[in-house]
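Peer 1: Before we start, here is the structure in question, set down as structure tokens.
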Amino acid sequence: MNNKLSPAARREETWGWIMVGPTIIGLVVLNLWPFVQTIYTAFCEHLGFGHYQFVGLANFTRMFQNAEFWKATWNTILFCILTVPVGLFLSLLVAMLLNAKIKFKGGFRTIFFLPLVCAPAAVTMVWRFIFNGEYGILNQIFGTQIGWITDPKFVMISCSIVAIWSNIGYDAVLLLAGLQNIPKTLYEANSIDGAGKVKQFFTITLPMVSPTLFVVMIMRLMSAVKVYDLIYMMVEDTNPAVTSVQSLMYLFYRSSFVAGERGYGSAIVIWTVLLIGLVTVIQFYGQKKWVNYDV
Amino acid sequence: MKNSSLEASQKRMTILTYVVLILAALIMIFPFLWMILTSFKTVAESNAVDPVVIFPSAFRWENFRDAVTSLPFIKLYINTALMIFFRVLCAVAFSSMAGYAFAMLEFRGKKLLFGIVLVQMSLPSQIFIIPQYQMVAKMGMANSIFALVFPGIVSAFGVFFLRQTYMGIPKEIGEAAYLDGCNQWQTFYKVMFPLTGTSVAALTIFTAVFAYSDLMWPLVVNSDLNMMTLSSGLATLRGQFSTNFPVLMAGSLLAMLPMVILYLIFQRQFIEGIASTGGK
Amino acid sequence: MKKIPRIIAAVLAAALVLSLSGCGTSDGKTHLTFQIWDVAQRDGMQAICNAYTALHPDVEIEVQVTSWGEYWTKLEAAGESNTMPDIFWMHTDQILYYADFGILADLTDLYASEDSNFWTDHYSDISIGNASGSDDRMYGVPKDRDNVVLVYNREMFDAAGVAYPDENWTWDDMMDASQKIYDATGKYGYMAYNDEQLGYWNFVYQNGGYILDPETNIHAGYTQPATADAIKFYVNIQKNEWCPDQTFFAETTPGTAFFSNMGSMFYEGSWNLLSELKNYPDMVGKWDIAPLPKCPNPASGDGTGTISNGLCYSTAAAGKNLEIVKDVLRFFGSEEGQRIQGESGAAIPAYLGLEDSWTTEFAKFDYLIDTQVCYDQFDTCVQYINNASRRKWKSNVADEMVKVYNGADIDTQLTVMQSIADQYVTD
């Protein structure tokens, strides 16, 4: 088979392998192999200290019969629904505003970027104070009596607000870059036609920024399905509302790390990865309908 | 007449833009203001509830002093800087090579190998912690800078991101260099890599932020406080001052400072970097 | 332009240098690592190590702190790959898992050559129990012991004209006082929240009930009448106007509420008292501690009881420096090692007769709280609840308890908790 290739093509192939080599070796050792082990342990019971016993599909049967698991799946999906569309919309809005002819652009950008460089532990502590049902600033401003992180009806919304707040700057900056790629001449030609701002948005801005929007959306969805840290730090496990916000990876953490049931925890991971795969495939399929690549 | 009404509407738009931006900025910055105010309070003021104390009664710089004396901040800055430096170096070097190869070269197994990159991106990082810790421990490398860098030696996101960049560069540029007598490696590092400077800056920021906010890995792999990073060092402070918000907030602010400065330095390149790659 | 290969070379070179710094034992000394999870005790632990190395200059011990959550992730992973630290703290929640799996070194005969009754002479049964595996062999040197006390706000008691709690207090007295203080000052009374060790466990054992059958330590007792009654009593405390509900406690711990003058009483572990004195200097002198109120009409027993737990120092069975480590541990368990710990304020020494040393640090404050309460309560202690499968049922039972506080029927929930804890019983 090698003989069919020209010497140049063969050299190209060798270089290709050499250049992807370090990355692939690294990924296989650091990530892929642990994942293969995770798949294996999903079919095992953890006896302790890395000793496993094969139990077939028992972990999956148990998982699918567990109401808590389904609740966590739904919570994870709800978290995606609440954070991704709203987050993207707000990020795009902020990006467009920052793209207008305004002063202090750098200052505004920095302010929106701040949450990213703030230690996660500090972020959640401050937000818990703001959301506090007894004396939180939020309730004081609105004169309400809402238990933002203790009422099952509100806890997911509160966590979503923190998630959006944390990521808006990053997404906005990415989208801003996309916006700046749009040739000004397109708008000039359009404004002579006397088109309104709204129409301009749908005919020029959105199609032109759609490839960036797509990448940001994929990134956001993947990390939303994997959400764990934020919920873990916002809602402790004695909080009466914990079941209304517990995500799949939170459940994984409690099974694998706290209770030591790594087989069951691995089954949850497999399910989560399948969910991410499904969402990503739908995304890639759906992008043909709205993403504009004729830039 | 028509012109002036257009101008007026333009003006209204500008004012509206400012109003919305300032409001949004206030919401974004509010938690930080709270952090700053809290960092000067006494413990009692920080969790006073009836009524809530908004402004500290005095500027208590001793909270910052307590934070500095409870944590070896200089070491933490150095460790964090070293970790970020090496992770960025590795990510940029290896991801550039792989991104170039995936975008520009033909070789057997390309699709399968790129599949590995995509699969890695969809895996939750928590499942790597125990196996990776065991690898480091077996090497006898726990409690070192190397251990901090270890999971970031390769970056699937970086490969994905830089592949996008290289795909945006016309293939003809590479072919021209090749005809000039460069081999594949020379074409890559003499001609193509320099064209991606801005994307590399973006990847630098991304890798740095990601490494900076990684909490669990440093805590698991390094036990010596002198080998911690800023974020994980702060987490140990949380255990020590579980109810002492002011010292925690003072520590958090000190930990943020270098990242804010780094961002301010890089932000120009960062914006341009992403602008030049777009999301093709 | 030729930067890249040079950069890679630099990275590799640097990695090499860094890797060498990871293992630098060329000074002829034995370097030991000692892993703990509490930053507040680091200085105390270092003091013990320094005392040992002063006698044995050929040994060096490095104290390392890892926060609680990661500590166990890491220790288990290290146990799997045989890379454990030389000495480490062991907690009652975890010791059976480690000991029963053969990970920990058997220390039963640590003092056999000098004094065959050393353990029973100098350590309480509870301390020895907390350091033992399921086979009743000792897998740790008892480090400290703690118990649960009632913390109360003296000013609020004065304002309501209620006498301070004493050793004759019962649950009823606590309820009455709570009501009176609430009526007089508008502040909360006893703040009872969803917790095991600092909450309902104490009530269960005072009432003569049990979480795990005292005979076998295998079968759970959630549905046993004395247990169920006590849990119901405890949960229903939140129905009083003078006690906040669980929603409140999800955001504000009883400690935070107490030290910001919102309430007058809560249960606290002796291990937290010192840092509370340090963290709330304005409150020093306004509060004190008392024994846990008794159960007025227990189903059995005399109505007293407080949960007592203790940590121990352990080492790996497969440790490379086992003989040297054993010598260090022998020192840690000796009178001198334990006294240094007590005087540093780290914790109440497990070594009998040295309890007082712990007061040293407390005496440095303007107001000396009644530390004697903690020592006296050891007479009526109940061993911290644990069995080999508790790791697996602990968080699931806790989840069901959350549902109780959310309004689920308590009898149904107790039955569920019972079956969760019992599902690991294999007769």
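Residue names in the structure tokens use chain letters A, B, ... in the order shown, residue numbers from 1 in each chain, and ligand numbers from 1 in the order shown.
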Find the spatial neighbours of Val65 (chain C), counting only C-alpha atoms, within a cut-off of 7 Å - ignore same-chain residues fewer than 5 positions away - and output them as a list in words.
Peer 2: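 Using only C-alpha atoms, the neighbours found are Ser223 and Asp224 of chain B; Gln35, Ile36, Trp37, Asp38 and Val39 of chain C.
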Peer 1: Could you list, as a PyMOL selection string, every residue of chain A that has an atom within 10 Å of an atom of chain C, counting only C-alpha atoms?
Peer 2: chain A and resi 47-51+128-129+131-134+147+149-151+234-243+254-261
Peer 1: Per residue of chain B within 8 Å of chain C, which atom pair is closest and at what distance in Å (one decimal), using only C-alpha atoms, listed by chain and increasing number, as CSV?
Peer 2:
residue,atom,partner,partner_atom,distance
B:Val43,CA,C:Tyr280,CA,6.8
B:Ala44,CA,C:Ser260,CA,6.2
B:Asn47,CA,C:Ser260,CA,6.9
B:Ala48,CA,C:Ser260,CA,6.0
B:Val49,CA,C:Ser260,CA,7.7
B:Phe86,CA,C:Val11,CA,7.2
B:Leu89,CA,C:Val11,CA,7.8
B:Cys90,CA,C:Val11,CA,7.8
B:Ala93,CA,C:Ile4,CA,7.0
B:Ile130,CA,C:Ala77,CA,6.1
B:Tyr133,CA,C:Ala77,CA,7.4
B:Gln134,CA,C:Ser81,CA,6.2
B:Ala137,CA,C:Thr83,CA,6.4
B:Lys138,CA,C:Ser81,CA,7.2
B:Gly140,CA,C:Gly22,CA,7.0
B:Met141,CA,C:Gly22,CA,5.6
B:Ala142,CA,C:Gly22,CA,7.3
B:Asn143,CA,C:Gly22,CA,7.0
B:Ser144,CA,C:Gly22,CA,6.1
B:Ile145,CA,C:Leu18,CA,6.7
B:Phe146,CA,C:Ala15,CA,6.3
B:Tyr189,CA,C:Met1,CA,6.9
B:Lys190,CA,C:Met1,CA,5.9
B:Pro194,CA,C:Met1,CA,7.9
B:Met216,CA,C:Glu70,CA,7.4
B:Leu219,CA,C:Glu70,CA,6.4
B:Val220,CA,C:Glu70,CA,5.6
B:Val221,CA,C:Lys74,CA,7.6
B:Ser223,CA,C:Thr66,CA,5.4
B:Asp224,CA,C:Gln64,CA,5.3
B:Leu225,CA,C:Val65,CA,7.1
B:Ala235,CA,C:Ser67,CA,7.8
B:Thr236,CA,C:Ser67,CA,5.9
B:Gly239,CA,C:Ser67,CA,6.8
B:Gln240,CA,C:Val39,CA,5.9
B:Thr243,CA,C:Thr256,CA,7.2
B:Asn244,CA,C:Asn279,CA,6.7
Peer 1: Quick one: residues within 10 Å of Ile157 (chain A), only C-alpha atoms, excluding same-chain residues fewer than 5 positions away - as an mmCIF file with C-alpha atoms, in the first residue's frame?
Peer 2:
data_model
loop_
_atom_site.group_PDB
_atom_site.id
_atom_site.type_symbol
_atom_site.label_atom_id
_atom_site.label_comp_id
_atom_site.auth_asym_id
_atom_site.auth_seq_id
_atom_site.Cartn_x
_atom_site.Cartn_y
_atom_site.Cartn_z
ATOM 1 C CA LEU A 78 -32.575 22.174 32.464
ATOM 2 C CA PHE A 79 -29.272 23.794 33.350
ATOM 3 C CA LEU A 82 -31.400 27.926 31.167
ATOM 4 C CA THR A 83 -27.775 28.905 30.695
ATOM 5 C CA TRP A 148 -32.906 31.908 46.154
ATOM 6 C CA ILE A 149 -30.727 28.899 46.926
ATOM 7 C CA PRO A 152 -36.520 24.183 44.969
ATOM 8 C CA VAL A 162 -24.036 32.686 38.449
ATOM 9 C CA ALA A 163 -23.029 30.491 35.506
ATOM 10 C CA VAL A 245 -30.225 21.208 41.340
#
Peer 1: Hey, what's within 9 Å of Leu148 (chain B) if we count only C-alpha atoms and toss same-chain stuff fewer than 4 positions away? As a list of chain:residue names, please?
Peer 2: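 Those residues are B:Asn79, B:Thr80, B:Met83, B:Arg87, B:Ala142, B:Asn143, B:Ser144, B:Gly152, B:Trp217, B:Pro218, B:Val221, B:Asn222, B:Met227, B:Met228, B:Thr229.
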Peer 1: Counting only C-alpha atoms, figure out which residue out of B:Leu254, B:Leu162, B:Leu234, B:Ile15 gets nearest to Met97 (chain B).
Peer 2: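 Once distances to Met97 (chain B) are computed over only C-alpha atoms, the minimum belongs to B:Leu162.
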Peer 1: Given only C-alpha atoms as the basis, pick out the residue of A:Phe60, A:Tyr250, A:Phe202, A:Phe89 nearest to chain B.
Peer 2: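 Nearest candidate to chain B out of A:Phe60, A:Tyr250, A:Phe202, A:Phe89: A:Tyr250.
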Peer 1: Using only C-alpha atoms, which residue out of A:Cys159, A:Ile24, A:Leu57, A:Val86 lies closest to Ile39 (chain A)?
Peer 2: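 Once distances to Ile39 (chain A) are computed over only C-alpha atoms, the minimum belongs to A:Leu57.
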Peer 1: Mind the document's chain letters and residue numbers, and return as a PDB file with N, CA and C atoms, in the first residue's frame the residues of region 12-221 of chain A that DSSP labels strand (DSSP E or B).
Peer 2:
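Output file result-v1.pdb follows:
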ATOM      1  N   CYS A  44     -18.325  -2.986  36.502  1.00  0.00           N
ATOM      2  CA  CYS A  44     -17.753  -3.671  37.654  1.00  0.00           C
ATOM      3  C   CYS A  44     -18.264  -3.074  38.958  1.00  0.00           C
ATOM      4  N   GLU A  45     -18.080  -3.844  40.009  1.00  0.00           N
ATOM      5  CA  GLU A  45     -18.291  -3.274  41.329  1.00  0.00           C
ATOM      6  C   GLU A  45     -16.917  -3.002  41.930  1.00  0.00           C
ATOM      7  N   HIS A  46     -16.802  -1.835  42.569  1.00  0.00           N
ATOM      8  CA  HIS A  46     -15.519  -1.491  43.168  1.00  0.00           C
ATOM      9  C   HIS A  46     -15.435  -2.105  44.560  1.00  0.00           C
ATOM     10  N   LEU A  47     -14.484  -3.004  44.747  1.00  0.00           N
ATOM     11  CA  LEU A  47     -14.370  -3.674  46.042  1.00  0.00           C
ATOM     12  C   LEU A  47     -13.542  -2.840  47.015  1.00  0.00           C
ATOM     13  N   GLY A  48     -12.774  -1.940  46.480  1.00  0.00           N
ATOM     14  CA  GLY A  48     -11.920  -1.101  47.315  1.00  0.00           C
ATOM     15  C   GLY A  48     -10.518  -1.044  46.756  1.00  0.00           C
ATOM     16  N   HIS A  51      -9.609  -2.560  43.313  1.00  0.00           N
ATOM     17  CA  HIS A  51      -9.946  -3.938  42.978  1.00  0.00           C
ATOM     18  C   HIS A  51     -11.391  -3.992  42.491  1.00  0.00           C
ATOM     19  N   TYR A  52     -11.592  -4.641  41.365  1.00  0.00           N
ATOM     20  CA  TYR A  52     -12.915  -4.635  40.758  1.00  0.00           C
ATOM     21  C   TYR A  52     -13.422  -6.055  40.538  1.00  0.00           C
ATOM     22  N   GLN A  53     -14.767  -6.144  40.527  1.00  0.00           N
ATOM     23  CA  GLN A  53     -15.384  -7.427  40.208  1.00  0.00           C
ATOM     24  C   GLN A  53     -16.392  -7.178  39.103  1.00  0.00           C
ATOM     25  N   PHE A  54     -16.327  -7.967  38.037  1.00  0.00           N
ATOM     26  CA  PHE A  54     -17.228  -7.773  36.907  1.00  0.00           C
ATOM     27  C   PHE A  54     -18.661  -8.095  37.309  1.00  0.00           C
TER      28      PHE A  54
END
Peer 1: Find the residues near Phe233 (chain C): any atom within 12 Å, counting only C-alpha atoms, skip ones fewer than 2 places away on the same chain, and give them as a list in words.
Peer 2: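 The residues satisfying every condition are Trp171, Asp172, Met175, Ala192, Gly199, Tyr200, Trp201, Asn202, Phe203, Val204, Asn207, Ala226, Thr227, Ala228, Asp229, Ala230, Ile231, Val235, Asn236, Ile237, Gln238, Lys239, Asn240, Cys295 and Ile410 of chain C.
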Peer 1: Among region 38-270 of chain A, which ones does DSSP assign to helix (DSSP H, G or I) (computed from the backbone)? Answer as a ChimeraX atom specification.
Peer 2: /A:38-41,58-64,67-99,105-117,120-131,137-142,155-180,184-192,197-225,229-234,242-244,248-258,262-270
Peer 1: Which residue gives the smallest distance to Pro131 (chain B) among B:Pro258, B:Gly251, B:Pro151, B:Gly115, with only C-alpha atoms counted?
Peer 2: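 Counting only C-alpha atoms, the residue closest to Pro131 (chain B) is B:Pro151.
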Peer 1: In Å, how far is it from CA of Met265 (chain C) to CA of Ser178 (chain C)?
Peer 2: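 Computing it gives 8.2 Å between the two atoms.
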Peer 1: Show which residues sit within 10 Å of Leu113 (chain B), as JSON, numbers by chain. Count only C-alpha atoms, and ignore same-chain residues fewer than 2 positions away.
Peer 2: {"A": [17, 20, 21, 23, 24], "B": [102, 108, 109, 110, 111, 115, 116, 117, 118, 119]}
Peer 1: In terms of the shortest atom-to-atom distance over only C-alpha atoms, which of A:Val291, A:Leu230, A:Leu186, A:Val198 is closest to Ala119 (chain A)?
Peer 2: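 Result for the nearest residue to Ala119 (chain A): A:Leu230.
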Peer 1: Near Gly140 (chain C), counting only C-alpha atoms, which residues have an atom at most 6 Å away, once you skip same-chain residues fewer than 6 positions from it, shown as a compact mmCIF listing (two decimals) with C-alpha atoms, in the first residue's frame?
Peer 2:
# COMPACT_ATOMS: atom_id res chain seq x y z
CA ALA C 131 -8.35 3.31 66.20
CA CYS C 312 -5.39 8.51 65.09
CA TYR C 313 -1.99 8.43 63.44
CA SER C 314 -1.57 5.60 60.95
Peer 1: Between CA of Thr124 (chain A) and CA of Asn139 (chain A), what is the distance, to one decimal in Å?
Peer 2: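 Answer for the CA of Thr124 (chain A) to CA of Asn139 (chain A) separation: 17.4 Å.
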